[in-house]
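Content type compact mmCIF, C-alpha atoms, from the file upload.txt:
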# COMPACT_ATOMS: atom_id res chain seq x y z
CA MET A 1 8.99 -6.08 12.13
CA SER A 2 7.48 -7.46 15.29
CA CYS A 3 6.92 -11.20 15.16
CA GLN A 4 5.40 -11.21 18.65
CA ALA A 5 7.40 -14.32 19.38
CA SER A 6 9.58 -15.42 22.26
CA ASP A 7 12.15 -17.32 20.23
CA LEU A 8 13.43 -16.82 16.67
CA ALA A 9 15.81 -19.09 14.80
CA LEU A 10 17.04 -19.21 11.23
CA THR A 11 17.86 -22.67 9.91
CA THR A 12 18.91 -24.48 6.74
CA GLY A 13 20.49 -21.52 5.02
CA ILE A 14 17.59 -19.10 5.74
CA LYS A 15 15.15 -21.30 3.89
CA THR A 16 13.13 -21.93 7.04
CA LEU A 17 12.15 -19.58 9.82
CA VAL A 18 10.99 -21.09 13.10
CA ILE A 19 8.95 -18.99 15.45
CA ASN A 20 8.07 -20.30 18.89
CA SER A 21 5.07 -18.37 20.09
CA HIS A 22 3.39 -19.47 23.29
CA SER A 23 4.61 -23.06 22.79
CA ARG A 24 3.45 -23.24 19.17
CA ASP A 25 6.03 -23.65 16.43
CA VAL A 26 5.34 -22.04 13.07
CA HIS A 27 7.62 -23.04 10.18
CA ILE A 28 7.90 -20.51 7.39
CA ASP A 29 9.39 -21.04 3.96
CA CYS A 30 11.16 -17.68 3.68
CA LEU A 31 11.50 -17.78 -0.09
CA ALA A 32 7.77 -18.45 -0.34
CA LEU A 33 7.16 -15.52 1.99
CA VAL A 34 9.05 -13.17 -0.30
CA GLU A 35 7.08 -14.48 -3.28
CA ARG A 36 3.87 -13.67 -1.40
CA LEU A 37 5.18 -10.21 -0.59
CA ARG A 38 5.79 -9.39 -4.24
CA PRO A 39 3.20 -9.95 -6.96
CA SER A 40 5.95 -9.85 -9.56
CA ILE A 41 9.51 -8.87 -10.27
CA HIS A 42 9.30 -5.24 -11.25
CA PRO A 43 12.24 -4.45 -13.56
CA SER A 44 12.48 -0.69 -13.12
CA ILE A 45 14.77 -0.75 -10.10
CA CYS A 46 17.11 -3.58 -11.13
CA LEU A 47 20.46 -2.04 -11.95
CA SER A 48 20.51 -3.68 -15.37
CA GLN A 49 16.95 -2.60 -16.20
CA SER A 50 16.43 0.67 -14.45
CA HIS A 51 15.83 2.98 -17.38
CA HIS A 52 14.55 3.13 -20.89
CA PRO A 53 15.90 2.19 -24.30
CA SER A 54 18.32 4.49 -26.07
CA LYS A 55 15.87 4.90 -28.91
CA HIS A 56 13.59 6.91 -26.60
CA PRO A 57 13.68 10.70 -26.06
CA SER A 58 16.83 12.63 -25.22
CA THR A 59 16.73 11.52 -21.59
CA ALA A 60 17.35 7.96 -22.80
CA THR A 61 21.08 8.09 -22.25
CA MET A 62 20.84 9.88 -18.90
CA ALA A 63 21.35 8.14 -15.60
CA VAL A 64 18.30 8.06 -13.36
CA ARG A 65 18.11 9.28 -9.80
CA ALA A 66 16.08 6.92 -7.65
CA TRP A 67 15.25 6.45 -3.99
CA THR A 68 15.93 2.88 -2.95
CA TYR A 69 16.28 0.89 0.24
CA THR A 70 18.57 -1.94 1.33
CA HIS A 71 18.03 -3.29 4.85
CA GLY A 72 18.25 -2.27 8.47
CA GLY A 73 15.02 -0.30 8.74
CA TYR A 74 14.19 3.35 8.24
CA PRO A 75 16.11 5.69 8.04
CA LYS A 76 19.28 3.58 7.70
CA ALA A 77 18.01 1.61 4.72
CA LEU A 78 16.87 4.60 2.62
CA HIS A 79 19.24 5.94 -0.03
CA LEU A 80 19.20 8.26 -3.03
CA ILE A 81 21.26 6.59 -5.76
CA THR A 82 21.95 7.00 -9.46
CA LEU A 83 21.03 4.14 -11.75
CA PRO A 84 22.55 3.63 -15.19
CA ALA A 85 20.44 3.97 -18.31
CA ASP A 86 18.66 0.84 -19.46
CA THR A 87 18.98 0.04 -23.14
CA THR A 88 16.65 -2.97 -23.28
CA PRO A 89 13.59 -2.47 -25.51
CA LEU A 90 10.15 -2.20 -23.97
CA LYS A 91 8.03 -5.32 -23.92
CA PRO A 92 4.67 -5.05 -25.72
CA THR A 93 2.88 -4.70 -22.37
CA GLU A 94 5.27 -2.13 -20.87
CA ILE A 95 5.22 1.64 -20.70
CA LEU A 96 7.90 4.14 -19.80
CA VAL A 97 6.76 7.08 -17.67
CA GLN A 98 8.47 10.32 -16.79
CA ALA A 99 7.45 10.62 -13.15
CA LYS A 100 5.96 13.91 -12.04
CA ALA A 101 4.91 12.98 -8.51
CA ALA A 102 4.73 10.01 -6.17
CA SER A 103 3.35 9.44 -2.71
CA ILE A 104 4.61 7.38 0.20
CA ASN A 105 2.76 4.98 2.44
CA PRO A 106 3.41 3.26 5.79
CA VAL A 107 4.15 0.01 3.96
CA ASP A 108 7.19 1.65 2.37
CA ALA A 109 8.79 2.25 5.77
CA GLN A 110 7.66 -1.16 7.00
CA LEU A 111 9.34 -2.96 4.09
CA MET A 112 12.65 -1.29 4.96
CA GLY A 113 12.63 -3.13 8.27
CA PHE A 114 11.90 -6.63 6.92
CA PRO A 115 14.53 -8.70 8.78
CA LEU A 116 15.24 -11.23 6.04
CA TRP A 117 16.59 -8.81 3.41
CA PRO A 118 20.28 -9.31 4.37
CA TYR A 119 19.96 -13.07 3.94
CA LEU A 120 18.19 -13.22 0.59
CA PRO A 121 20.32 -13.65 -2.56
CA SER A 122 20.16 -11.02 -5.28
CA SER A 123 18.69 -13.66 -7.57
CA VAL A 124 15.58 -13.57 -5.37
CA ILE A 125 15.35 -9.84 -4.75
CA PRO A 126 17.77 -7.04 -5.74
CA ALA A 127 19.91 -5.43 -3.05
CA ASN A 128 18.55 -2.01 -3.99
CA LYS A 129 14.77 -2.15 -3.91
CA GLY A 130 12.60 0.67 -5.15
CA VAL A 131 10.56 2.94 -2.89
CA GLY A 132 6.95 3.79 -3.59
CA GLU A 133 4.01 2.37 -5.51
CA ASP A 134 1.87 5.43 -6.35
CA PHE A 135 2.80 7.69 -9.24
CA SER A 136 1.65 10.23 -11.79
CA GLY A 137 3.49 11.22 -14.92
CA VAL A 138 3.75 11.42 -18.69
CA VAL A 139 4.14 8.41 -20.96
CA LEU A 140 7.45 8.62 -22.84
CA ASP A 141 6.93 5.42 -24.79
CA ALA A 142 4.45 2.55 -24.80
CA GLY A 143 4.43 -1.05 -25.97
CA LYS A 144 2.03 -2.04 -28.73
CA ALA A 145 -0.15 -4.13 -26.40
CA THR A 146 -0.90 -1.27 -24.00
CA PRO A 147 -3.82 1.19 -24.23
CA PHE A 148 -1.44 4.14 -23.86
CA LYS A 149 0.61 6.31 -26.21
CA LYS A 150 3.43 8.82 -25.94
CA GLY A 151 2.25 12.01 -24.24
CA ASP A 152 -0.58 10.46 -22.22
CA GLU A 153 -0.84 11.81 -18.69
CA VAL A 154 -1.39 8.89 -16.33
CA LEU A 155 -1.63 7.88 -12.70
CA GLY A 156 -1.34 4.44 -11.22
CA LEU A 157 -0.05 1.84 -8.86
CA GLY A 158 2.95 -0.41 -9.41
CA PRO A 159 3.91 -3.66 -7.66
CA PHE A 160 5.41 -3.52 -4.17
CA LEU A 161 8.62 -5.41 -4.87
CA PRO A 162 11.14 -4.56 -6.12
CA GLY A 163 8.89 -1.54 -6.85
CA GLY A 164 10.07 1.96 -7.36
CA THR A 165 8.04 5.06 -8.23
CA LEU A 166 10.26 7.51 -6.36
CA GLN A 167 12.54 7.81 -9.36
CA GLU A 168 12.78 10.09 -12.35
CA THR A 169 11.52 7.57 -14.89
CA ILE A 170 9.49 4.43 -14.25
CA ARG A 171 9.22 1.33 -16.38
CA LEU A 172 5.96 -0.52 -15.74
CA ASP A 173 4.32 -3.66 -17.04
CA THR A 174 0.65 -2.84 -17.52
CA LYS A 175 -0.27 -6.46 -16.82
CA LEU A 176 1.20 -6.20 -13.34
CA SER A 177 0.14 -2.64 -12.52
CA VAL A 178 -3.10 -0.67 -12.53
CA ILE A 179 -2.89 2.55 -14.55
CA VAL A 180 -5.46 5.05 -15.84
CA LYS A 181 -5.31 8.38 -17.62
CA LYS A 182 -5.13 11.39 -15.33
CA PRO A 183 -8.10 13.78 -15.26
CA ALA A 184 -6.97 17.02 -16.87
CA ASP A 185 -7.98 19.19 -13.92
CA TRP A 186 -6.04 17.18 -11.32
CA SER A 187 -2.54 18.28 -10.41
CA TRP A 188 0.31 15.78 -10.57
CA GLU A 189 0.41 15.74 -6.78
CA GLN A 190 -3.34 15.09 -6.47
CA ALA A 191 -3.13 12.23 -8.96
CA ALA A 192 -0.21 10.59 -7.17
CA ALA A 193 -1.90 10.84 -3.78
CA LEU A 194 -4.70 8.41 -4.53
CA PRO A 195 -3.98 5.02 -6.13
CA LEU A 196 -2.83 2.81 -3.23
CA VAL A 197 -5.21 4.14 -0.60
CA TRP A 198 -8.15 4.21 -2.99
CA VAL A 199 -7.59 0.67 -4.26
CA THR A 200 -7.11 -0.56 -0.68
CA ALA A 201 -10.39 1.04 0.34
CA GLN A 202 -12.15 -0.46 -2.68
CA THR A 203 -10.74 -3.89 -1.81
CA THR A 204 -12.12 -3.80 1.72
CA ILE A 205 -15.51 -2.46 0.67
CA ASP A 206 -15.81 -5.20 -1.93
CA LEU A 207 -15.00 -7.88 0.66
CA VAL A 208 -17.61 -6.74 3.19
CA ALA A 209 -20.37 -5.90 0.71
CA PRO A 210 -22.05 -9.38 0.71
CA TYR A 211 -22.45 -9.14 4.49
CA VAL A 212 -23.92 -5.64 4.66
CA LYS A 213 -27.60 -6.63 4.87
CA ASN A 214 -28.76 -3.80 7.12
CA ASN A 215 -26.63 -1.12 5.44
CA LYS A 216 -24.41 -0.59 8.49
CA VAL A 217 -20.62 -0.70 8.49
CA ALA A 218 -18.04 0.40 11.05
CA ILE A 219 -14.65 1.65 9.88
CA LEU A 220 -11.79 1.70 12.36
CA GLY A 221 -9.35 4.45 11.52
CA GLY A 222 -11.76 6.65 9.61
CA SER A 223 -9.25 9.50 9.33
CA SER A 224 -6.39 7.36 8.01
CA SER A 225 -5.46 7.67 4.36
CA CYS A 226 -7.19 4.37 3.53
CA GLY A 227 -9.96 4.79 6.07
CA MET A 228 -11.18 8.14 4.79
CA TYR A 229 -11.80 6.66 1.33
CA ALA A 230 -13.45 3.56 2.79
CA VAL A 231 -15.80 5.98 4.56
CA TYR A 232 -16.43 7.86 1.33
CA ILE A 233 -17.06 4.77 -0.79
CA ALA A 234 -19.28 3.18 1.85
CA LYS A 235 -21.40 6.32 2.01
CA GLN A 236 -21.65 6.43 -1.77
CA ARG A 237 -23.18 2.96 -1.56
CA GLY A 238 -25.85 4.33 0.72
CA TRP A 239 -24.57 2.62 3.86
CA ASP A 240 -24.84 4.01 7.38
CA VAL A 241 -21.21 4.57 8.39
CA ALA A 242 -19.70 4.73 11.86
CA ALA A 243 -16.00 5.60 11.96
CA THR A 244 -13.46 5.82 14.75
CA CYS A 245 -11.12 8.79 14.92
CA SER A 246 -9.61 11.25 17.38
CA PRO A 247 -11.69 14.31 18.37
CA PRO A 248 -9.66 16.83 16.28
CA LYS A 249 -10.48 14.85 13.12
CA THR A 250 -14.20 14.40 13.75
CA ASP A 251 -15.32 17.13 11.34
CA PHE A 252 -12.97 15.84 8.64
CA VAL A 253 -14.27 12.26 8.91
CA ARG A 254 -17.85 13.49 8.79
CA SER A 255 -17.01 15.52 5.68
CA MET A 256 -15.93 12.26 4.00
CA GLY A 257 -19.35 10.75 4.73
CA ALA A 258 -19.40 9.28 8.25
CA ASP A 259 -22.80 9.42 9.91
CA THR A 260 -21.40 8.57 13.34
CA THR A 261 -17.94 9.18 14.76
CA ILE A 262 -16.50 7.36 17.77
CA ASP A 263 -13.56 8.66 19.78
CA TYR A 264 -11.13 5.75 19.92
CA THR A 265 -9.12 7.47 22.66
CA THR A 266 -11.91 6.97 25.22
CA PRO A 267 -11.93 3.81 27.37
CA GLY A 268 -14.41 1.25 26.16
CA PHE A 269 -14.82 2.73 22.69
CA ALA A 270 -15.45 -0.79 21.41
CA LYS A 271 -18.73 -0.81 23.33
CA GLN A 272 -19.85 2.14 21.22
CA VAL A 273 -18.90 0.26 18.06
CA LYS A 274 -20.89 -2.74 19.30
CA ALA A 275 -23.89 -0.55 20.12
CA PHE A 276 -23.88 0.67 16.52
CA ALA A 277 -24.55 -2.97 15.53
CA PRO A 278 -22.57 -3.01 12.28
CA ASP A 279 -23.02 -5.74 9.70
CA ALA A 280 -19.29 -5.59 9.08
CA VAL A 281 -16.15 -3.99 10.48
CA ILE A 282 -13.32 -2.64 8.30
CA ASP A 283 -10.10 -2.22 10.27
CA MET A 284 -7.49 0.23 8.97
CA VAL A 285 -5.50 0.66 12.19
CA GLY A 286 -4.88 -2.74 13.77
CA GLY A 287 -5.49 -4.15 17.22
CA THR A 288 -8.05 -6.57 18.62
CA ASP A 289 -10.53 -4.33 20.44
CA CYS A 290 -13.38 -4.79 17.98
CA LEU A 291 -12.97 -8.44 17.01
CA GLY A 292 -16.23 -10.37 16.98
CA LEU A 293 -18.47 -7.31 16.91
CA ALA A 294 -19.88 -8.07 13.46
CA LYS A 295 -20.51 -11.06 11.21
CA ARG A 296 -17.67 -9.93 8.94
CA TYR A 297 -14.31 -8.43 9.96
CA VAL A 298 -11.83 -7.30 7.30
CA THR A 299 -8.46 -5.84 8.28
CA VAL A 300 -5.50 -4.64 6.23
CA VAL A 301 -3.34 -4.36 9.34
CA GLY A 302 -3.98 -7.41 11.51
CA ASP A 303 -3.54 -7.58 15.26
CA LYS A 304 -0.37 -5.49 15.36
CA THR A 305 -0.41 -1.86 16.46
CA ASN A 306 3.22 -0.94 15.79
CA ARG A 307 3.27 1.40 12.79
CA MET A 308 6.70 0.20 11.70
CA SER A 309 5.87 -3.51 11.54
CA MET A 310 4.29 -5.00 8.45
CA GLY A 311 0.57 -5.55 8.01
CA GLY A 312 -1.45 -7.43 5.41
CA ARG A 313 -2.11 -11.11 4.94
CA ASN A 314 1.56 -12.00 5.38
CA ILE A 315 1.08 -11.66 9.14
CA TYR A 316 -0.62 -15.05 8.99
CA PHE A 317 2.88 -16.52 8.64
CA TRP A 318 3.95 -15.48 12.13
CA ASN A 319 0.67 -14.92 13.98
CA PRO A 320 -1.07 -18.28 14.43
CA GLN A 321 -3.88 -16.66 16.40
CA MET A 322 -4.91 -14.70 13.33
CA LEU A 323 -4.61 -17.76 11.14
CA PHE A 324 -6.78 -19.87 13.46
CA ARG A 325 -9.33 -17.04 13.61
CA ALA A 326 -9.56 -16.89 9.82
CA LEU A 327 -9.82 -20.68 9.51
CA ALA A 328 -12.56 -20.82 12.15
CA GLY A 329 -14.57 -18.30 10.17
CA ARG A 330 -14.15 -20.28 6.95
CA LEU A 331 -15.23 -23.47 8.69
CA GLY A 332 -18.31 -21.80 10.13
CA VAL A 333 -17.27 -22.20 13.76
CA GLY A 334 -16.51 -18.52 14.18
CA LYS A 335 -17.36 -15.17 12.65
CA SER A 336 -15.91 -14.34 9.26
CA TYR A 337 -12.43 -12.83 9.56
CA THR A 338 -9.78 -12.01 6.99
CA CYS A 339 -6.57 -10.02 6.81
CA VAL A 340 -5.96 -8.81 3.28
CA ASN A 341 -3.66 -7.06 0.87
CA LEU A 342 -5.06 -4.72 -1.74
CA GLU A 343 -6.18 -6.28 -5.01
CA PHE A 344 -4.68 -5.00 -8.26
CA ARG A 345 -8.01 -4.79 -10.10
CA PRO A 346 -8.30 -2.22 -12.91
CA GLU A 347 -11.96 -1.50 -12.14
CA PHE A 348 -11.02 -0.49 -8.60
CA LEU A 349 -8.68 2.23 -9.86
CA GLU A 350 -10.99 3.28 -12.68
CA ALA A 351 -13.64 4.13 -10.08
CA ILE A 352 -11.31 6.84 -8.83
CA LEU A 353 -12.15 8.99 -11.84
CA SER A 354 -15.55 9.81 -10.33
CA LEU A 355 -14.02 11.18 -7.12
CA PRO A 356 -14.74 14.89 -6.63
CA LYS A 357 -11.57 16.93 -6.66
CA ASP A 358 -12.30 18.39 -3.22
CA LYS A 359 -12.11 14.88 -1.74
CA ILE A 360 -8.45 14.51 -2.68
CA VAL A 361 -6.71 15.23 0.61
CA ILE A 362 -2.98 15.97 0.72
CA ASP A 363 -1.29 16.45 4.07
CA SER A 364 2.00 17.81 2.76
CA THR A 365 4.21 17.93 -0.33
CA PHE A 366 8.00 17.56 -0.42
CA GLY A 367 10.65 17.92 -3.08
CA PHE A 368 12.51 14.97 -4.58
CA ASP A 369 15.58 15.64 -2.43
CA GLN A 370 13.40 15.81 0.72
CA VAL A 371 12.17 12.21 0.80
CA LYS A 372 13.62 11.58 4.25
CA ASP A 373 11.72 14.62 5.53
CA ALA A 374 8.61 13.21 3.90
CA PHE A 375 9.04 9.91 5.73
CA ASP A 376 9.65 11.73 8.99
CA ARG A 377 6.31 13.45 8.52
CA LEU A 378 4.53 10.22 7.58
CA ASN A 379 5.96 8.34 10.54
CA THR A 380 4.52 10.79 13.05
CA GLY A 381 1.17 9.06 12.54
CA LYS A 382 -0.49 12.47 12.70
CA THR A 383 -1.03 13.20 9.03
CA LYS A 384 -4.39 14.07 7.51
CA GLY A 385 -4.32 12.81 3.96
CA LYS A 386 -1.34 11.73 1.88
CA VAL A 387 2.31 12.73 1.99
CA VAL A 388 3.36 13.45 -1.60
CA VAL A 389 6.74 13.92 -3.27
CA SER A 390 7.02 16.19 -6.31
CA ILE A 391 9.51 14.87 -8.87
CA GLY A 392 10.75 17.78 -10.93
CA SER A 393 12.73 17.43 -14.12
CA ARG A 394 16.44 18.07 -13.93
CA PRO A 395 17.80 21.00 -15.91

Conversion result in structure tokens:
Amino acid sequence: MSCQASDLALTTGIKTLVINSHSRDVHIDCLALVERLRPSIHPSICLSQSHHPSKHPSTATMAVRAWTYTHGGYPKALHLITLPADTTPLKPTEILVQAKAASINPVDAQLMGFPLWPYLPSSVIPANKGVGEDFSGVVLDAGKATPFKKGDEVLGLGPFLPGGTLQETIRLDTKLSVIVKKPADWSWEQAAALPLVWVTAQTTIDLVAPYVKNNKVAILGGSSSCGMYAVYIAKQRGWDVAATCSPPKTDFVRSMGADTTIDYTTPGFAKQVKAFAPDAVIDMVGGTDCLGLAKRYVTVVGDKTNRMSMGGRNIYFWNPQMLFRALAGRLGVGKSYTCVNLEFRPEFLEAILSLPKDKIVIDSTFGFDQVKDAFDRLNTGKTKGKVVVSIGSRP
């Protein structure tokens, strides 16, 4: 994680982080930071709650293979481990899913490099944290307060921390996750490829919508996994869409709905974005080239351009320039700016069910034992669509 700071100190038993950046001190409550990083404690990866009750199907007494991470960054932090069976009953709002496929995202590799993991007690976050948020699979059992039943084929998105969808069975609280039934004609891999990137795209579109008065939006990173669906959704709303991408991906981005494509590798590409005169800019790649070019700027990445450092609203903690920019916009002394995380809203995921099957784009598929190869592919930054992991049943 790059803090873009000249001096870093940990004080008072890792409860406070002090970053000196260009003569400005920013004090961070580290425990509060972790709480912001995780919407909830997800029980599936905790060693004492990693599997399902013994009253469930025959797999109930089997140990569970799961990909987890500790600390030290990718690939050092990534491990395939075996978790003991969990015998605690499901809560009324929980479901147990036999995972069929999962997909990986840049945030998964970024979380592995979070520098505070070695210092946080297990009472705050488990040592072995789950990998992955997207999944598809079959419901093995369901609590009475859920809309699901045994045998339902589902897809969804679980919380980031402790997380864990790259495992053979997943225990999810439906109040803390977004889950829908899988269309019958979608493969497991297609279903697992969509939730996080689709919900992220929906989040950004929703945030810029009030500002799009002239039906013009620019999307930076139109060929990225989130960007391509932001392009698609924006076009479905009838907006005129300009998207940045590299020349080899121009046809692909246009096939997702872009009216105009801009080669971000050319010097001064921001001038072309400005000439398009967008009502709003959605940034899926990071950087500062296009700041101030529209009345509304929404980014999921922030100013950083390093793929392995974390994005999202948590950057406000260590980037005061971004924080001041956002505050200026809220106070009306600057243009509207916000750095966001995706919103776990059921209606966002439900909208996925109208997506044509030919718009589900998978870059590559790997086996469950090939997760490190899958991350190597993802980390090239040259994928087109999602990297998916197929989770087959053990004999």

Using all atoms listed in the file, pick whichever of A:Val301, A:Leu323, A:Leu80, A:Ile95 has the shortest atom-to-atom distance to A:Pro147.
->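 Answer, going by the shortest atom-to-atom distance: A:Ile95.
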
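Across A:Met256, A:Met284, A:Leu166, A:Leu291, the tightest approach to A:Thr305 is made by A:Met284 when counting only C-alpha atoms.
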
Excluding A:Asn306 and residues on its chain fewer than 3 positions from it, collect all residues at most 10 Å away from it, counting all atoms listed in the file, and give them as a ChimeraX atom specification.
-> /A:1-2,110,285-287,301,303,309-311

Write the residues of the selection above to a file with C-alpha atoms, as a tab-separated table (two decimals), in the coordinates of the input.
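Printed below is result_26.tsv as written:
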chain	number	residue	atom	x	y	z
A	1	MET	CA	8.99	-6.08	12.13
A	2	SER	CA	7.48	-7.46	15.29
A	110	GLN	CA	7.66	-1.16	7.00
A	285	VAL	CA	-5.50	0.66	12.19
A	286	GLY	CA	-4.88	-2.74	13.77
A	287	GLY	CA	-5.49	-4.15	17.22
A	301	VAL	CA	-3.34	-4.36	9.34
A	303	ASP	CA	-3.54	-7.58	15.26
A	309	SER	CA	5.87	-3.51	11.54
A	310	MET	CA	4.29	-5.00	8.45
A	311	GLY	CA	0.57	-5.55	8.01

May I ask which of the residues A:Trp239, A:Leu353, A:Thr380, A:Thr260 is the closest one to A:Val154, counting all atoms listed in the file?
-> A:Leu353

All residues 9 Å or closer to A:Met112, only C-alpha atoms, same chain fewer than 5 positions away omitted, as JSON, numbers by chain | {"A": [69, 70, 71, 72, 73, 74, 75, 76, 77, 78, 107, 117]}

May I ask for the distance between atom CA of A:Leu161 and atom CA of A:Asn128, given in Å to one decimal place?
->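 We find that atom CA of A:Leu161 and atom CA of A:Asn128 lie 10.5 Å from each other.
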
Please provide the set of residues having any atom within 8 Å of A:Ala192, restricted to only C-alpha atoms, with same-chain residues fewer than 6 positions apart removed, written as a PyMOL selection string.
-> chain A and resi 101-103+134-136+155-156+388

A:Gly334: which residues within 12 Å, counting all atoms listed in the file, same-chain residues fewer than 4 positions away excluded, as number ranges by chain?
-> A: 291-297, 324-330, 338

Suppose you want the space between atom CA of A:Leu83 and atom CA of A:Gly137; what is it in Å?
-> 19.2 Å

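All protein, DNA and RNA residues at most 12 Å from (12.2, 17.2, 0.7) are Leu80, Ser364, Thr365, Phe366, Gly367, Phe368, Asp369, Gln370, Val371, Lys372, Asp373, Ala374, Phe375, Asp376, Arg377, Val387, Val388, Val389, Ser390, Ile391 and Gly392 of chain A, using only C-alpha atoms.
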
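Nearest residue to A:Gly302 among A:Asn341, A:Ser336, A:Asn379, A:Ser224 is A:Asn341, counting all atoms listed in the file.
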
Just give me the gap between atom CA of A:Tyr316 and atom CA of A:Lys304 in Å, one decimal is fine.
->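 Separation of atom CA of A:Tyr316 and atom CA of A:Lys304: 11.5 Å.
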
Spatial neighbours of A:Cys226, 9 Å, only C-alpha atoms, chain gap at least 2 places, as a PDB file with C-alpha atoms, in the coordinates of the input:
ATOM      1  CA  LEU A 196      -2.830   2.810  -3.230  1.00  0.00           C
ATOM      2  CA  VAL A 197      -5.210   4.140  -0.600  1.00  0.00           C
ATOM      3  CA  TRP A 198      -8.150   4.210  -2.990  1.00  0.00           C
ATOM      4  CA  VAL A 199      -7.590   0.670  -4.260  1.00  0.00           C
ATOM      5  CA  THR A 200      -7.110  -0.560  -0.680  1.00  0.00           C
ATOM      6  CA  ALA A 201     -10.390   1.040   0.340  1.00  0.00           C
ATOM      7  CA  GLY A 221      -9.350   4.450  11.520  1.00  0.00           C
ATOM      8  CA  GLY A 222     -11.760   6.650   9.610  1.00  0.00           C
ATOM      9  CA  SER A 223      -9.250   9.500   9.330  1.00  0.00           C
ATOM     10  CA  SER A 224      -6.390   7.360   8.010  1.00  0.00           C
ATOM     11  CA  MET A 228     -11.180   8.140   4.790  1.00  0.00           C
ATOM     12  CA  TYR A 229     -11.800   6.660   1.330  1.00  0.00           C
ATOM     13  CA  ALA A 230     -13.450   3.560   2.790  1.00  0.00           C
ATOM     14  CA  VAL A 231     -15.800   5.980   4.560  1.00  0.00           C
ATOM     15  CA  MET A 284      -7.490   0.230   8.970  1.00  0.00           C
ATOM     16  CA  GLY A 385      -4.320  12.810   3.960  1.00  0.00           C
TER      17      GLY A 385
END

Between A:Gly227, A:Gly143, A:Gly332, A:Pro126, single out the one closest to A:Thr203, counting all atoms listed in the file.
->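 For A:Thr203, the nearest of the candidates is A:Gly227.
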
Nearest to A:Trp188, restricted to all atoms listed in the file and choosing among A:Ala275, A:Leu116, A:Leu140, A:Ala99, comes out as A:Ala99

If the box runs along x, y and z of the file and leaves 3 Å on each side of stretch 266-275 of chain A, what are its centre and edge lengths in Å, one decimal, as AutoDock Vina command-line options?
--center_x -17.9 --center_y 2.1 --center_z 22.7 --size_x 18.0 --size_y 15.7 --size_z 15.3

Could you list, with a cut-off of 12 Å and counting all atoms listed in the file, the residues of stretch 256-356 of chain A near stretch 168-184 of chain A, each shown with its nearest atom pair and the distance in Å rounded to one decimal, rows sorted by chain and ascending number, as CSV?
residue,atom,partner,partner_atom,distance
A:Leu342,CA,A:Val178,CA,11.7
A:Glu343,CA,A:Val178,CA,9.9
A:Phe344,CA,A:Val178,CA,6.3
A:Arg345,CA,A:Val178,CA,6.9
A:Pro346,CA,A:Val178,CA,5.4
A:Glu347,CA,A:Val178,CA,8.9
A:Phe348,CA,A:Val178,CA,8.8
A:Leu349,CA,A:Val178,CA,6.8
A:Glu350,CA,A:Val180,CA,6.6
A:Ala351,CA,A:Val180,CA,10.0
A:Ile352,CA,A:Val180,CA,9.3
A:Leu353,CA,A:Pro183,CA,7.1
A:Ser354,CA,A:Pro183,CA,9.8
A:Leu355,CA,A:Pro183,CA,10.4
A:Pro356,CA,A:Pro183,CA,10.9

Please tell me which residues are no farther than 12 Å from (5.1, -0.2, -24.7) in the file, counting only C-alpha atoms, and write them as a PyMOL selection string.
-> chain A and resi 52-53+56+88-97+139-150+171-175

Write the residues of the preceding selection, restricted to C-alpha atoms, as a CSV table (one decimal), in the frame of the given file.
chain,number,residue,atom,x,y,z
A,52,HIS,CA,14.6,3.1,-20.9
A,53,PRO,CA,15.9,2.2,-24.3
A,56,HIS,CA,13.6,6.9,-26.6
A,88,THR,CA,16.6,-3.0,-23.3
A,89,PRO,CA,13.6,-2.5,-25.5
A,90,LEU,CA,10.2,-2.2,-24.0
A,91,LYS,CA,8.0,-5.3,-23.9
A,92,PRO,CA,4.7,-5.0,-25.7
A,93,THR,CA,2.9,-4.7,-22.4
A,94,GLU,CA,5.3,-2.1,-20.9
A,95,ILE,CA,5.2,1.6,-20.7
A,96,LEU,CA,7.9,4.1,-19.8
A,97,VAL,CA,6.8,7.1,-17.7
A,139,VAL,CA,4.1,8.4,-21.0
A,140,LEU,CA,7.4,8.6,-22.8
A,141,ASP,CA,6.9,5.4,-24.8
A,142,ALA,CA,4.4,2.6,-24.8
A,143,GLY,CA,4.4,-1.0,-26.0
A,144,LYS,CA,2.0,-2.0,-28.7
A,145,ALA,CA,-0.2,-4.1,-26.4
A,146,THR,CA,-0.9,-1.3,-24.0
A,147,PRO,CA,-3.8,1.2,-24.2
A,148,PHE,CA,-1.4,4.1,-23.9
A,149,LYS,CA,0.6,6.3,-26.2
A,150,LYS,CA,3.4,8.8,-25.9
A,171,ARG,CA,9.2,1.3,-16.4
A,172,LEU,CA,6.0,-0.5,-15.7
A,173,ASP,CA,4.3,-3.7,-17.0
A,174,THR,CA,0.6,-2.8,-17.5
A,175,LYS,CA,-0.3,-6.5,-16.8
